[in-house]
$ cat work16.txt   # compact mmCIF, N, CA and C atoms
# COMPACT_ATOMS: atom_id res chain seq x y z
N MET A 1 83.44 49.53 41.93
CA MET A 1 84.19 49.95 43.09
C MET A 1 85.00 48.76 43.60
N LEU A 2 86.27 49.00 43.84
CA LEU A 2 87.12 47.97 44.41
C LEU A 2 86.89 47.87 45.91
N THR A 3 86.78 46.68 46.40
CA THR A 3 86.66 46.47 47.83
C THR A 3 87.89 45.70 48.29
N LEU A 4 88.78 46.41 48.94
CA LEU A 4 90.02 45.81 49.41
C LEU A 4 90.08 45.91 50.92
N PRO A 5 90.69 44.94 51.59
CA PRO A 5 90.85 45.06 53.04
C PRO A 5 91.77 46.23 53.37
N PRO A 6 91.63 46.79 54.57
CA PRO A 6 92.47 47.94 54.94
C PRO A 6 93.97 47.64 54.96
N SER A 7 94.33 46.38 55.04
CA SER A 7 95.74 46.02 55.08
C SER A 7 96.41 46.13 53.71
N VAL A 8 95.62 46.14 52.64
CA VAL A 8 96.17 46.22 51.29
C VAL A 8 96.32 47.69 50.90
N ARG A 9 97.52 48.06 50.51
CA ARG A 9 97.80 49.43 50.10
C ARG A 9 97.91 49.49 48.58
N VAL A 10 97.65 50.68 48.04
CA VAL A 10 97.71 50.89 46.60
C VAL A 10 98.77 51.95 46.32
N TYR A 11 99.80 51.57 45.58
CA TYR A 11 100.89 52.48 45.23
C TYR A 11 100.85 52.75 43.73
N VAL A 12 100.97 54.01 43.34
CA VAL A 12 100.95 54.40 41.94
C VAL A 12 102.31 55.03 41.60
N ALA A 13 102.92 54.55 40.53
CA ALA A 13 104.20 55.12 40.10
C ALA A 13 103.96 56.54 39.60
N ALA A 14 104.82 57.47 40.03
CA ALA A 14 104.65 58.87 39.66
C ALA A 14 105.11 59.13 38.23
N GLN A 15 106.06 58.37 37.75
CA GLN A 15 106.60 58.55 36.40
C GLN A 15 106.11 57.43 35.49
N PRO A 16 106.01 57.69 34.19
CA PRO A 16 105.58 56.65 33.25
C PRO A 16 106.53 55.45 33.26
N THR A 17 105.97 54.29 32.96
CA THR A 17 106.72 53.04 32.95
C THR A 17 106.53 52.37 31.59
N ASP A 18 107.53 51.67 31.13
CA ASP A 18 107.43 50.91 29.89
C ASP A 18 106.52 49.71 30.15
N LEU A 19 105.31 49.74 29.59
CA LEU A 19 104.34 48.67 29.86
C LEU A 19 104.53 47.45 28.96
N ARG A 20 105.62 47.42 28.20
CA ARG A 20 105.94 46.19 27.49
C ARG A 20 106.49 45.16 28.46
N LYS A 21 106.86 45.61 29.65
CA LYS A 21 107.35 44.70 30.69
C LYS A 21 106.22 43.79 31.13
N SER A 22 106.61 42.58 31.50
CA SER A 22 105.61 41.63 31.99
C SER A 22 105.85 41.38 33.47
N PHE A 23 105.56 40.18 33.92
CA PHE A 23 105.62 39.86 35.35
C PHE A 23 106.98 40.16 35.98
N ASP A 24 108.04 39.63 35.38
CA ASP A 24 109.37 39.81 35.96
C ASP A 24 109.84 41.25 35.89
N GLY A 25 109.58 41.92 34.76
CA GLY A 25 110.00 43.31 34.60
C GLY A 25 109.27 44.25 35.54
N LEU A 26 107.95 44.05 35.69
CA LEU A 26 107.19 44.90 36.60
C LEU A 26 107.52 44.61 38.06
N SER A 27 107.79 43.35 38.39
CA SER A 27 108.16 43.05 39.77
C SER A 27 109.52 43.65 40.11
N ALA A 28 110.44 43.69 39.14
CA ALA A 28 111.72 44.37 39.36
C ALA A 28 111.51 45.87 39.51
N ALA A 29 110.54 46.42 38.77
CA ALA A 29 110.22 47.84 38.87
C ALA A 29 109.62 48.17 40.24
N VAL A 30 108.89 47.24 40.82
CA VAL A 30 108.33 47.45 42.17
C VAL A 30 109.46 47.65 43.17
N ALA A 31 110.47 46.80 43.08
CA ALA A 31 111.60 46.93 44.00
C ALA A 31 112.37 48.23 43.75
N ALA A 32 112.53 48.60 42.48
CA ALA A 32 113.32 49.80 42.14
C ALA A 32 112.56 51.10 42.41
N ILE A 33 111.31 51.16 41.99
CA ILE A 33 110.54 52.41 42.08
C ILE A 33 109.91 52.60 43.46
N PHE A 34 109.27 51.55 43.95
CA PHE A 34 108.51 51.66 45.20
C PHE A 34 109.33 51.28 46.43
N GLY A 35 110.42 50.55 46.23
CA GLY A 35 111.21 50.09 47.37
C GLY A 35 110.45 49.09 48.22
N GLN A 36 109.58 48.34 47.60
CA GLN A 36 108.74 47.36 48.30
C GLN A 36 109.04 45.96 47.78
N ASP A 37 108.63 44.98 48.56
CA ASP A 37 108.70 43.59 48.14
C ASP A 37 107.47 43.31 47.27
N PRO A 38 107.64 42.89 46.03
CA PRO A 38 106.47 42.65 45.17
C PRO A 38 105.59 41.50 45.65
N LEU A 39 106.07 40.70 46.59
CA LEU A 39 105.28 39.58 47.10
C LEU A 39 104.45 39.95 48.33
N CYS A 40 104.40 41.23 48.68
CA CYS A 40 103.74 41.65 49.93
C CYS A 40 102.22 41.67 49.83
N GLY A 41 101.65 41.61 48.63
CA GLY A 41 100.20 41.59 48.49
C GLY A 41 99.58 42.95 48.22
N HIS A 42 100.38 44.02 48.20
CA HIS A 42 99.87 45.34 47.88
C HIS A 42 99.70 45.47 46.37
N LEU A 43 98.94 46.48 45.93
CA LEU A 43 98.73 46.73 44.51
C LEU A 43 99.70 47.80 44.04
N PHE A 44 100.35 47.54 42.90
CA PHE A 44 101.32 48.46 42.33
C PHE A 44 100.83 48.85 40.95
N VAL A 45 100.61 50.14 40.76
CA VAL A 45 99.97 50.65 39.55
C VAL A 45 101.02 51.38 38.71
N PHE A 46 101.02 51.07 37.40
CA PHE A 46 101.94 51.68 36.45
C PHE A 46 101.15 52.27 35.29
N ARG A 47 101.58 53.45 34.82
CA ARG A 47 100.98 54.08 33.63
C ARG A 47 102.02 54.14 32.53
N ASN A 48 101.56 54.19 31.27
CA ASN A 48 102.49 54.37 30.17
C ASN A 48 102.73 55.85 29.92
N ARG A 49 103.61 56.17 28.97
CA ARG A 49 103.99 57.56 28.72
C ARG A 49 102.81 58.40 28.23
N ARG A 50 101.98 57.83 27.35
CA ARG A 50 100.82 58.58 26.85
C ARG A 50 99.73 58.73 27.91
N GLY A 51 99.73 57.86 28.89
CA GLY A 51 98.74 57.94 29.97
C GLY A 51 97.42 57.28 29.63
N ASP A 52 97.37 56.51 28.55
CA ASP A 52 96.11 55.87 28.17
C ASP A 52 96.05 54.39 28.57
N GLN A 53 97.12 53.89 29.19
CA GLN A 53 97.13 52.50 29.66
C GLN A 53 97.61 52.43 31.10
N ILE A 54 97.04 51.46 31.80
CA ILE A 54 97.43 51.21 33.20
C ILE A 54 97.59 49.71 33.37
N ARG A 55 98.58 49.34 34.17
CA ARG A 55 98.76 47.95 34.58
C ARG A 55 98.86 47.93 36.09
N VAL A 56 98.19 46.97 36.71
CA VAL A 56 98.23 46.78 38.16
C VAL A 56 98.84 45.42 38.42
N LEU A 57 99.93 45.41 39.15
CA LEU A 57 100.62 44.16 39.51
C LEU A 57 100.38 43.87 40.98
N PHE A 58 100.05 42.62 41.28
CA PHE A 58 99.93 42.20 42.67
C PHE A 58 100.18 40.70 42.78
N TRP A 59 100.50 40.27 43.97
CA TRP A 59 100.75 38.86 44.29
C TRP A 59 99.53 38.33 45.02
N ASP A 60 98.98 37.21 44.56
CA ASP A 60 97.75 36.69 45.18
C ASP A 60 97.92 35.35 45.90
N ARG A 61 99.01 35.15 46.57
CA ARG A 61 99.36 33.97 47.36
C ARG A 61 99.87 32.81 46.53
N THR A 62 99.56 32.75 45.22
CA THR A 62 100.04 31.64 44.40
C THR A 62 100.83 32.12 43.19
N GLY A 63 100.80 33.40 42.90
CA GLY A 63 101.52 33.92 41.76
C GLY A 63 101.18 35.37 41.48
N TYR A 64 101.89 35.94 40.53
CA TYR A 64 101.63 37.32 40.15
C TYR A 64 100.37 37.43 39.31
N CYS A 65 99.68 38.55 39.44
CA CYS A 65 98.54 38.89 38.59
C CYS A 65 98.80 40.27 38.02
N ILE A 66 98.48 40.43 36.75
CA ILE A 66 98.53 41.74 36.11
C ILE A 66 97.14 42.04 35.57
N VAL A 67 96.61 43.17 35.97
CA VAL A 67 95.34 43.65 35.44
C VAL A 67 95.66 44.88 34.62
N GLY A 68 95.19 44.90 33.39
CA GLY A 68 95.49 46.02 32.52
C GLY A 68 94.23 46.66 31.97
N LYS A 69 94.33 47.95 31.67
CA LYS A 69 93.22 48.66 31.04
C LYS A 69 93.78 49.70 30.09
N LYS A 70 93.16 49.78 28.92
CA LYS A 70 93.53 50.79 27.93
C LYS A 70 92.28 51.59 27.61
N LEU A 71 92.38 52.90 27.75
CA LEU A 71 91.26 53.77 27.44
C LEU A 71 91.16 53.97 25.94
N ALA A 72 89.94 53.90 25.41
CA ALA A 72 89.73 54.17 24.00
C ALA A 72 89.88 55.66 23.71
N ARG A 73 89.56 56.49 24.69
CA ARG A 73 89.69 57.94 24.55
C ARG A 73 90.02 58.52 25.91
N GLY A 74 90.93 59.48 25.95
CA GLY A 74 91.28 60.13 27.20
C GLY A 74 92.53 59.56 27.83
N ARG A 75 92.81 60.03 29.05
CA ARG A 75 94.02 59.64 29.76
C ARG A 75 93.70 59.36 31.23
N PHE A 76 94.54 58.53 31.83
CA PHE A 76 94.46 58.30 33.26
C PHE A 76 95.22 59.43 33.96
N HIS A 77 94.62 59.96 35.02
CA HIS A 77 95.25 61.05 35.77
C HIS A 77 95.49 60.60 37.20
N LEU A 78 96.61 61.03 37.76
CA LEU A 78 96.89 60.75 39.16
C LEU A 78 95.96 61.56 40.04
N ALA A 79 95.68 61.02 41.20
CA ALA A 79 94.83 61.71 42.17
C ALA A 79 95.66 62.73 42.92
N GLY A 80 95.59 63.99 42.51
CA GLY A 80 96.32 65.05 43.20
C GLY A 80 97.71 65.25 42.62
N ASP A 81 98.38 66.25 43.15
CA ASP A 81 99.72 66.59 42.69
C ASP A 81 100.75 65.66 43.32
N VAL A 82 101.79 65.41 42.58
CA VAL A 82 102.90 64.59 43.06
C VAL A 82 104.04 65.53 43.46
N ALA A 83 104.59 65.31 44.63
CA ALA A 83 105.70 66.13 45.11
C ALA A 83 106.90 65.97 44.18
N ALA A 84 107.66 67.03 44.03
CA ALA A 84 108.84 67.00 43.18
C ALA A 84 109.83 65.96 43.70
N GLY A 85 110.28 65.10 42.81
CA GLY A 85 111.25 64.07 43.19
C GLY A 85 110.62 62.80 43.74
N ALA A 86 109.31 62.78 43.89
CA ALA A 86 108.64 61.58 44.41
C ALA A 86 108.61 60.50 43.33
N THR A 87 108.86 59.27 43.74
CA THR A 87 108.83 58.17 42.79
C THR A 87 107.47 57.51 42.70
N HIS A 88 106.68 57.66 43.77
CA HIS A 88 105.36 57.05 43.79
C HIS A 88 104.46 57.78 44.78
N VAL A 89 103.16 57.52 44.68
CA VAL A 89 102.19 58.04 45.62
C VAL A 89 101.31 56.89 46.09
N GLU A 90 100.80 57.01 47.30
CA GLU A 90 99.88 56.01 47.83
C GLU A 90 98.48 56.58 47.74
N VAL A 91 97.54 55.80 47.18
CA VAL A 91 96.16 56.23 47.05
C VAL A 91 95.25 55.21 47.72
N GLU A 92 94.02 55.59 47.97
CA GLU A 92 93.04 54.66 48.53
C GLU A 92 92.41 53.86 47.40
N SER A 93 91.79 52.75 47.75
CA SER A 93 91.20 51.88 46.73
C SER A 93 90.06 52.59 45.99
N ALA A 94 89.34 53.47 46.67
CA ALA A 94 88.27 54.23 46.01
C ALA A 94 88.85 55.16 44.95
N GLU A 95 89.99 55.77 45.24
CA GLU A 95 90.64 56.64 44.26
C GLU A 95 91.13 55.84 43.06
N LEU A 96 91.63 54.64 43.30
CA LEU A 96 92.05 53.78 42.20
C LEU A 96 90.85 53.41 41.33
N SER A 97 89.73 53.10 41.94
CA SER A 97 88.52 52.77 41.18
C SER A 97 88.11 53.92 40.28
N LEU A 98 88.10 55.12 40.82
CA LEU A 98 87.73 56.29 40.03
C LEU A 98 88.75 56.55 38.93
N MET A 99 90.02 56.35 39.24
CA MET A 99 91.07 56.54 38.25
C MET A 99 90.91 55.54 37.10
N LEU A 100 90.57 54.28 37.42
CA LEU A 100 90.37 53.27 36.39
C LEU A 100 89.15 53.57 35.52
N GLU A 101 88.19 54.29 36.07
CA GLU A 101 87.01 54.68 35.30
C GLU A 101 87.27 55.92 34.45
N GLY A 102 88.45 56.52 34.59
CA GLY A 102 88.80 57.66 33.77
C GLY A 102 88.52 59.01 34.40
N PHE A 103 88.17 59.05 35.67
CA PHE A 103 87.92 60.33 36.34
C PHE A 103 89.23 61.06 36.58
N ASP A 104 89.19 62.37 36.40
CA ASP A 104 90.33 63.22 36.69
C ASP A 104 90.17 63.73 38.12
N LEU A 105 90.97 63.23 39.03
CA LEU A 105 90.84 63.58 40.44
C LEU A 105 91.79 64.69 40.87
N SER A 106 92.45 65.34 39.91
CA SER A 106 93.42 66.37 40.27
C SER A 106 92.74 67.58 40.93
N ASP A 107 91.50 67.89 40.57
CA ASP A 107 90.79 69.01 41.17
C ASP A 107 89.82 68.59 42.27
N ALA A 108 89.76 67.29 42.54
CA ALA A 108 88.83 66.80 43.56
C ALA A 108 89.32 67.21 44.94
N MET A 109 88.37 67.49 45.82
CA MET A 109 88.71 67.90 47.17
C MET A 109 88.07 66.91 48.15
N ARG A 110 88.85 66.42 49.08
CA ARG A 110 88.35 65.48 50.09
C ARG A 110 87.78 66.27 51.25
N ARG A 111 86.55 65.96 51.61
CA ARG A 111 85.90 66.61 52.74
C ARG A 111 86.37 65.96 54.03
N LYS A 112 86.33 66.73 55.11
CA LYS A 112 86.72 66.18 56.41
C LYS A 112 85.69 65.15 56.84
N ARG A 113 86.17 64.09 57.42
CA ARG A 113 85.33 63.01 57.92
C ARG A 113 85.59 62.83 59.40
N TRP A 114 84.59 62.34 60.11
CA TRP A 114 84.73 62.09 61.53
C TRP A 114 85.59 60.86 61.72
N ARG A 115 86.51 60.95 62.63
CA ARG A 115 87.36 59.82 63.03
C ARG A 115 87.29 59.73 64.55
N PRO A 116 87.15 58.54 65.11
CA PRO A 116 87.12 58.42 66.56
C PRO A 116 88.45 58.84 67.17
N GLN A 117 88.36 59.47 68.33
CA GLN A 117 89.57 59.88 69.02
C GLN A 117 90.23 58.67 69.67
N LYS A 118 91.52 58.67 69.65
CA LYS A 118 92.26 57.57 70.27
C LYS A 118 92.43 57.90 71.75
N THR A 119 92.01 56.97 72.60
CA THR A 119 92.15 57.14 74.04
C THR A 119 92.99 56.01 74.60
N GLY A 120 93.40 56.19 75.84
CA GLY A 120 94.24 55.19 76.50
C GLY A 120 93.48 53.93 76.87
N THR A 121 92.17 54.04 77.14
CA THR A 121 91.39 52.87 77.53
C THR A 121 90.33 52.59 76.48
N ILE A 122 89.96 51.35 76.39
CA ILE A 122 88.99 50.94 75.38
C ILE A 122 87.56 51.33 75.79
N ASN A 123 87.19 51.05 77.00
CA ASN A 123 85.82 51.30 77.45
C ASN A 123 85.77 52.45 78.43
N ALA A 124 86.33 53.56 78.06
CA ALA A 124 86.34 54.72 78.94
C ALA A 124 84.96 55.36 78.98
N VAL A 125 84.49 55.73 80.17
CA VAL A 125 83.20 56.38 80.35
C VAL A 125 83.47 57.77 80.88
N LYS A 126 82.83 58.76 80.27
CA LYS A 126 83.00 60.12 80.74
C LYS A 126 82.43 60.25 82.14
N PRO A 127 83.07 61.05 83.04
CA PRO A 127 82.57 61.20 84.41
C PRO A 127 81.14 61.75 84.45
N SER A 128 80.79 62.64 83.53
CA SER A 128 79.43 63.19 83.52
C SER A 128 78.41 62.11 83.19
N MET A 129 78.80 61.12 82.41
CA MET A 129 77.88 60.04 82.06
C MET A 129 77.79 59.03 83.20
N ALA A 130 78.89 58.84 83.92
CA ALA A 130 78.90 57.85 84.99
C ALA A 130 77.94 58.24 86.10
N ALA A 131 77.74 59.53 86.34
CA ALA A 131 76.83 59.97 87.39
C ALA A 131 75.38 59.63 87.05
N GLY A 132 75.06 59.59 85.77
CA GLY A 132 73.69 59.32 85.36
C GLY A 132 73.36 57.84 85.26
N LEU A 133 74.36 56.97 85.38
CA LEU A 133 74.12 55.54 85.29
C LEU A 133 73.56 55.02 86.60
N SER A 134 72.65 54.08 86.49
CA SER A 134 72.10 53.50 87.72
C SER A 134 73.06 52.47 88.28
N SER A 135 73.04 52.32 89.56
CA SER A 135 73.95 51.35 90.19
C SER A 135 73.39 49.95 90.00
N PRO A 136 74.24 48.93 90.10
CA PRO A 136 73.78 47.56 89.91
C PRO A 136 72.75 47.13 90.95
N SER A 137 72.78 47.72 92.13
CA SER A 137 71.83 47.32 93.18
C SER A 137 70.48 48.01 93.04
N ALA A 138 70.39 49.05 92.23
CA ALA A 138 69.12 49.74 92.06
C ALA A 138 68.19 48.89 91.22
N PRO A 139 66.90 48.85 91.60
CA PRO A 139 65.95 48.06 90.84
C PRO A 139 65.69 48.69 89.47
N ALA A 140 65.53 47.85 88.47
CA ALA A 140 65.23 48.35 87.15
C ALA A 140 63.73 48.62 87.07
N THR A 141 63.39 49.75 86.55
CA THR A 141 61.98 50.11 86.41
C THR A 141 61.65 50.30 84.95
N ALA A 142 60.46 49.96 84.58
CA ALA A 142 60.01 50.15 83.22
C ALA A 142 58.69 50.87 83.25
N ARG A 143 58.53 51.81 82.38
CA ARG A 143 57.27 52.54 82.30
C ARG A 143 56.42 51.94 81.20
N VAL A 144 55.21 51.71 81.49
CA VAL A 144 54.28 51.20 80.51
C VAL A 144 53.20 52.23 80.34
N GLY A 145 52.83 52.47 79.14
CA GLY A 145 51.65 53.30 78.94
C GLY A 145 51.92 54.59 78.45

$ encode --input "work16.txt" --output "structure tokens"
Amino acid sequence: MLTLPPSVRVYVAAQPTDLRKSFDGLSAAVAAIFGQDPLCGHLFVFRNRRGDQIRVLFWDRTGYCIVGKKLARGRFHLAGDVAAGATHVEVESAELSLMLEGFDLSDAMRRKRWRPQKTGTINAVKPSMAAGLSSPSAPATARVG
């Protein structure tokens, strides 16, 4: 499983790419396909026409890195359908990990997860809860036994 900070995004090219390209060719493809700066630190994923090879290009503060994988059997599949005319899709790092392991995520369904609600204040207390709180002047009592 890849563990990436939330600030790092993973972009996958929707169309096959010529993987004979190296650092300069793939970085030019990042600008052309993704419309991103290849030095931004995000991960850019490219597949070949047969779908059995993947290359991941990223900048690691001192230079480009390319990570490649070739499946001995099978193909890499994109996570979900790609909209018509889309040049790339953004996936989560967990989806990239599963994709690199050869999982076909096209039929996978994401379950709803709880997300905290965004409020105007950071430490907002519900009025019903505030009534049950003891005041600072009230003595603290502890029950033993």

$ closest_residue --input "work16.txt" --among "A:Arg55, A:Asp60, A:Gly102, A:Leu43" --to "A:Ala72" --atoms "only C-alpha atoms"
A:Gly102

$ atom_distance --input "work16.txt" --atom1 "atom CA of A:Asp37" --atom2 "atom C of A:Leu105"
28.0 Å

$ closest_residue --input "work16.txt" --among "A:Ala28, A:Phe23, A:Asp18, A:Thr119" --to "A:Cys65" --atoms "all atoms listed in the file"
A:Phe23

$ atom_distance --input "work16.txt" --atom1 "atom C of A:Met99" --atom2 "atom N of A:Val8"
18.8 Å

$ residues_near_point --input "work16.txt" --point "(90.0, 60.8, 30.5)" --cutoff "10 Å" --atoms "only C-alpha atoms" --output "CSV table (one decimal) with N, CA and C atoms, in the frame of the given file"
chain,number,residue,atom,x,y,z
A,51,GLY,N,99.7,57.9,28.9
A,51,GLY,CA,98.7,57.9,30.0
A,51,GLY,C,97.4,57.3,29.6
A,52,ASP,N,97.4,56.5,28.6
A,52,ASP,CA,96.1,55.9,28.2
A,52,ASP,C,96.0,54.4,28.6
A,71,LEU,N,92.4,52.9,27.8
A,71,LEU,CA,91.3,53.8,27.4
A,71,LEU,C,91.2,54.0,25.9
A,72,ALA,N,89.9,53.9,25.4
A,72,ALA,CA,89.7,54.2,24.0
A,72,ALA,C,89.9,55.7,23.7
A,73,ARG,N,89.6,56.5,24.7
A,73,ARG,CA,89.7,57.9,24.6
A,73,ARG,C,90.0,58.5,25.9
A,74,GLY,N,90.9,59.5,26.0
A,74,GLY,CA,91.3,60.1,27.2
A,74,GLY,C,92.5,59.6,27.8
A,75,ARG,N,92.8,60.0,29.0
A,75,ARG,CA,94.0,59.6,29.8
A,75,ARG,C,93.7,59.4,31.2
A,76,PHE,N,94.5,58.5,31.8
A,76,PHE,CA,94.5,58.3,33.3
A,76,PHE,C,95.2,59.4,34.0
A,77,HIS,N,94.6,60.0,35.0
A,77,HIS,CA,95.2,61.0,35.8
A,77,HIS,C,95.5,60.6,37.2
A,99,MET,N,90.0,56.4,39.2
A,99,MET,CA,91.1,56.5,38.2
A,99,MET,C,90.9,55.5,37.1
A,100,LEU,N,90.6,54.3,37.4
A,100,LEU,CA,90.4,53.3,36.4
A,100,LEU,C,89.2,53.6,35.5
A,101,GLU,N,88.2,54.3,36.1
A,101,GLU,CA,87.0,54.7,35.3
A,101,GLU,C,87.3,55.9,34.4
A,102,GLY,N,88.4,56.5,34.6
A,102,GLY,CA,88.8,57.7,33.8
A,102,GLY,C,88.5,59.0,34.4
A,103,PHE,N,88.2,59.0,35.7
A,103,PHE,CA,87.9,60.3,36.3
A,103,PHE,C,89.2,61.1,36.6
A,104,ASP,N,89.2,62.4,36.4
A,104,ASP,CA,90.3,63.2,36.7
A,104,ASP,C,90.2,63.7,38.1

$ atom_distance --input "work16.txt" --atom1 "atom C of A:Ile66" --atom2 "atom N of A:Ser106"
24.2 Å

$ select_by_dssp --input "work16.txt" --residues "stretch 25-88 of chain A" --states "strand (DSSP E)" --output "list in words"
Leu43, Phe44, Val45, Phe46, Arg47, Gln53, Ile54, Arg55, Val56, Leu57, Phe58, Trp59, Tyr64, Cys65, Ile66, Val67, Gly68, Lys69, Lys70 and His88 of chain A

$ decode --input "work16.txt" --residues "stretch 56-80 of chain A" --atoms "N, CA and C atoms" --output "PDB file, in the first residue's frame"
ATOM      1  N   VAL A  56       5.382   5.512 -13.643  1.00  0.00           N
ATOM      2  CA  VAL A  56       4.967   6.608 -12.764  1.00  0.00           C
ATOM      3  C   VAL A  56       6.114   7.605 -12.716  1.00  0.00           C
ATOM      4  N   LEU A  57       5.837   8.823 -13.105  1.00  0.00           N
ATOM      5  CA  LEU A  57       6.838   9.896 -13.091  1.00  0.00           C
ATOM      6  C   LEU A  57       6.512  10.862 -11.966  1.00  0.00           C
ATOM      7  N   PHE A  58       7.534  11.231 -11.202  1.00  0.00           N
ATOM      8  CA  PHE A  58       7.359  12.257 -10.179  1.00  0.00           C
ATOM      9  C   PHE A  58       8.691  12.943  -9.910  1.00  0.00           C
ATOM     10  N   TRP A  59       8.609  14.115  -9.328  1.00  0.00           N
ATOM     11  CA  TRP A  59       9.777  14.927  -8.959  1.00  0.00           C
ATOM     12  C   TRP A  59       9.957  14.801  -7.455  1.00  0.00           C
ATOM     13  N   ASP A  60      11.166  14.468  -7.008  1.00  0.00           N
ATOM     14  CA  ASP A  60      11.382  14.258  -5.572  1.00  0.00           C
ATOM     15  C   ASP A  60      12.320  15.279  -4.927  1.00  0.00           C
ATOM     16  N   ARG A  61      12.242  16.512  -5.305  1.00  0.00           N
ATOM     17  CA  ARG A  61      13.010  17.647  -4.785  1.00  0.00           C
ATOM     18  C   ARG A  61      14.409  17.752  -5.364  1.00  0.00           C
ATOM     19  N   THR A  62      14.985  16.654  -5.880  1.00  0.00           N
ATOM     20  CA  THR A  62      16.331  16.729  -6.443  1.00  0.00           C
ATOM     21  C   THR A  62      16.387  16.246  -7.883  1.00  0.00           C
ATOM     22  N   GLY A  63      15.335  15.639  -8.370  1.00  0.00           N
ATOM     23  CA  GLY A  63      15.321  15.151  -9.738  1.00  0.00           C
ATOM     24  C   GLY A  63      14.101  14.297 -10.019  1.00  0.00           C
ATOM     25  N   TYR A  64      13.963  13.918 -11.276  1.00  0.00           N
ATOM     26  CA  TYR A  64      12.849  13.072 -11.672  1.00  0.00           C
ATOM     27  C   TYR A  64      13.086  11.631 -11.242  1.00  0.00           C
ATOM     28  N   CYS A  65      11.996  10.942 -10.933  1.00  0.00           N
ATOM     29  CA  CYS A  65      12.025   9.504 -10.661  1.00  0.00           C
ATOM     30  C   CYS A  65      10.990   8.848 -11.557  1.00  0.00           C
ATOM     31  N   ILE A  66      11.354   7.707 -12.105  1.00  0.00           N
ATOM     32  CA  ILE A  66      10.408   6.903 -12.870  1.00  0.00           C
ATOM     33  C   ILE A  66      10.351   5.531 -12.218  1.00  0.00           C
ATOM     34  N   VAL A  67       9.149   5.125 -11.876  1.00  0.00           N
ATOM     35  CA  VAL A  67       8.917   3.784 -11.343  1.00  0.00           C
ATOM     36  C   VAL A  67       8.123   3.048 -12.404  1.00  0.00           C
ATOM     37  N   GLY A  68       8.587   1.875 -12.775  1.00  0.00           N
ATOM     38  CA  GLY A  68       7.916   1.119 -13.816  1.00  0.00           C
ATOM     39  C   GLY A  68       7.548  -0.268 -13.350  1.00  0.00           C
ATOM     40  N   LYS A  69       6.488  -0.804 -13.950  1.00  0.00           N
ATOM     41  CA  LYS A  69       6.078  -2.177 -13.659  1.00  0.00           C
ATOM     42  C   LYS A  69       5.519  -2.794 -14.925  1.00  0.00           C
ATOM     43  N   LYS A  70       5.903  -4.037 -15.170  1.00  0.00           N
ATOM     44  CA  LYS A  70       5.385  -4.793 -16.301  1.00  0.00           C
ATOM     45  C   LYS A  70       4.774  -6.069 -15.753  1.00  0.00           C
ATOM     46  N   LEU A  71       3.514  -6.303 -16.093  1.00  0.00           N
ATOM     47  CA  LEU A  71       2.840  -7.511 -15.647  1.00  0.00           C
ATOM     48  C   LEU A  71       3.262  -8.686 -16.517  1.00  0.00           C
ATOM     49  N   ALA A  72       3.523  -9.822 -15.885  1.00  0.00           N
ATOM     50  CA  ALA A  72       3.849 -11.026 -16.629  1.00  0.00           C
ATOM     51  C   ALA A  72       2.603 -11.583 -17.315  1.00  0.00           C
ATOM     52  N   ARG A  73       1.445 -11.353 -16.709  1.00  0.00           N
ATOM     53  CA  ARG A  73       0.174 -11.802 -17.273  1.00  0.00           C
ATOM     54  C   ARG A  73      -0.902 -10.814 -16.872  1.00  0.00           C
ATOM     55  N   GLY A  74      -1.791 -10.491 -17.796  1.00  0.00           N
ATOM     56  CA  GLY A  74      -2.893  -9.588 -17.492  1.00  0.00           C
ATOM     57  C   GLY A  74      -2.610  -8.166 -17.927  1.00  0.00           C
ATOM     58  N   ARG A  75      -3.533  -7.276 -17.545  1.00  0.00           N
ATOM     59  CA  ARG A  75      -3.452  -5.878 -17.941  1.00  0.00           C
ATOM     60  C   ARG A  75      -3.786  -4.969 -16.750  1.00  0.00           C
ATOM     61  N   PHE A  76      -3.262  -3.755 -16.812  1.00  0.00           N
ATOM     62  CA  PHE A  76      -3.628  -2.733 -15.847  1.00  0.00           C
ATOM     63  C   PHE A  76      -4.940  -2.099 -16.305  1.00  0.00           C
ATOM     64  N   HIS A  77      -5.854  -1.909 -15.369  1.00  0.00           N
ATOM     65  CA  HIS A  77      -7.151  -1.311 -15.689  1.00  0.00           C
ATOM     66  C   HIS A  77      -7.316  -0.019 -14.906  1.00  0.00           C
ATOM     67  N   LEU A  78      -7.929   0.967 -15.546  1.00  0.00           N
ATOM     68  CA  LEU A  78      -8.232   2.216 -14.857  1.00  0.00           C
ATOM     69  C   LEU A  78      -9.332   1.984 -13.835  1.00  0.00           C
ATOM     70  N   ALA A  79      -9.306   2.772 -12.797  1.00  0.00           N
ATOM     71  CA  ALA A  79     -10.331   2.694 -11.756  1.00  0.00           C
ATOM     72  C   ALA A  79     -11.564   3.447 -12.224  1.00  0.00           C
ATOM     73  N   GLY A  80     -12.549   2.738 -12.737  1.00  0.00           N
ATOM     74  CA  GLY A  80     -13.791   3.368 -13.171  1.00  0.00           C
ATOM     75  C   GLY A  80     -13.739   3.806 -14.618  1.00  0.00           C
TER      76      GLY A  80
END
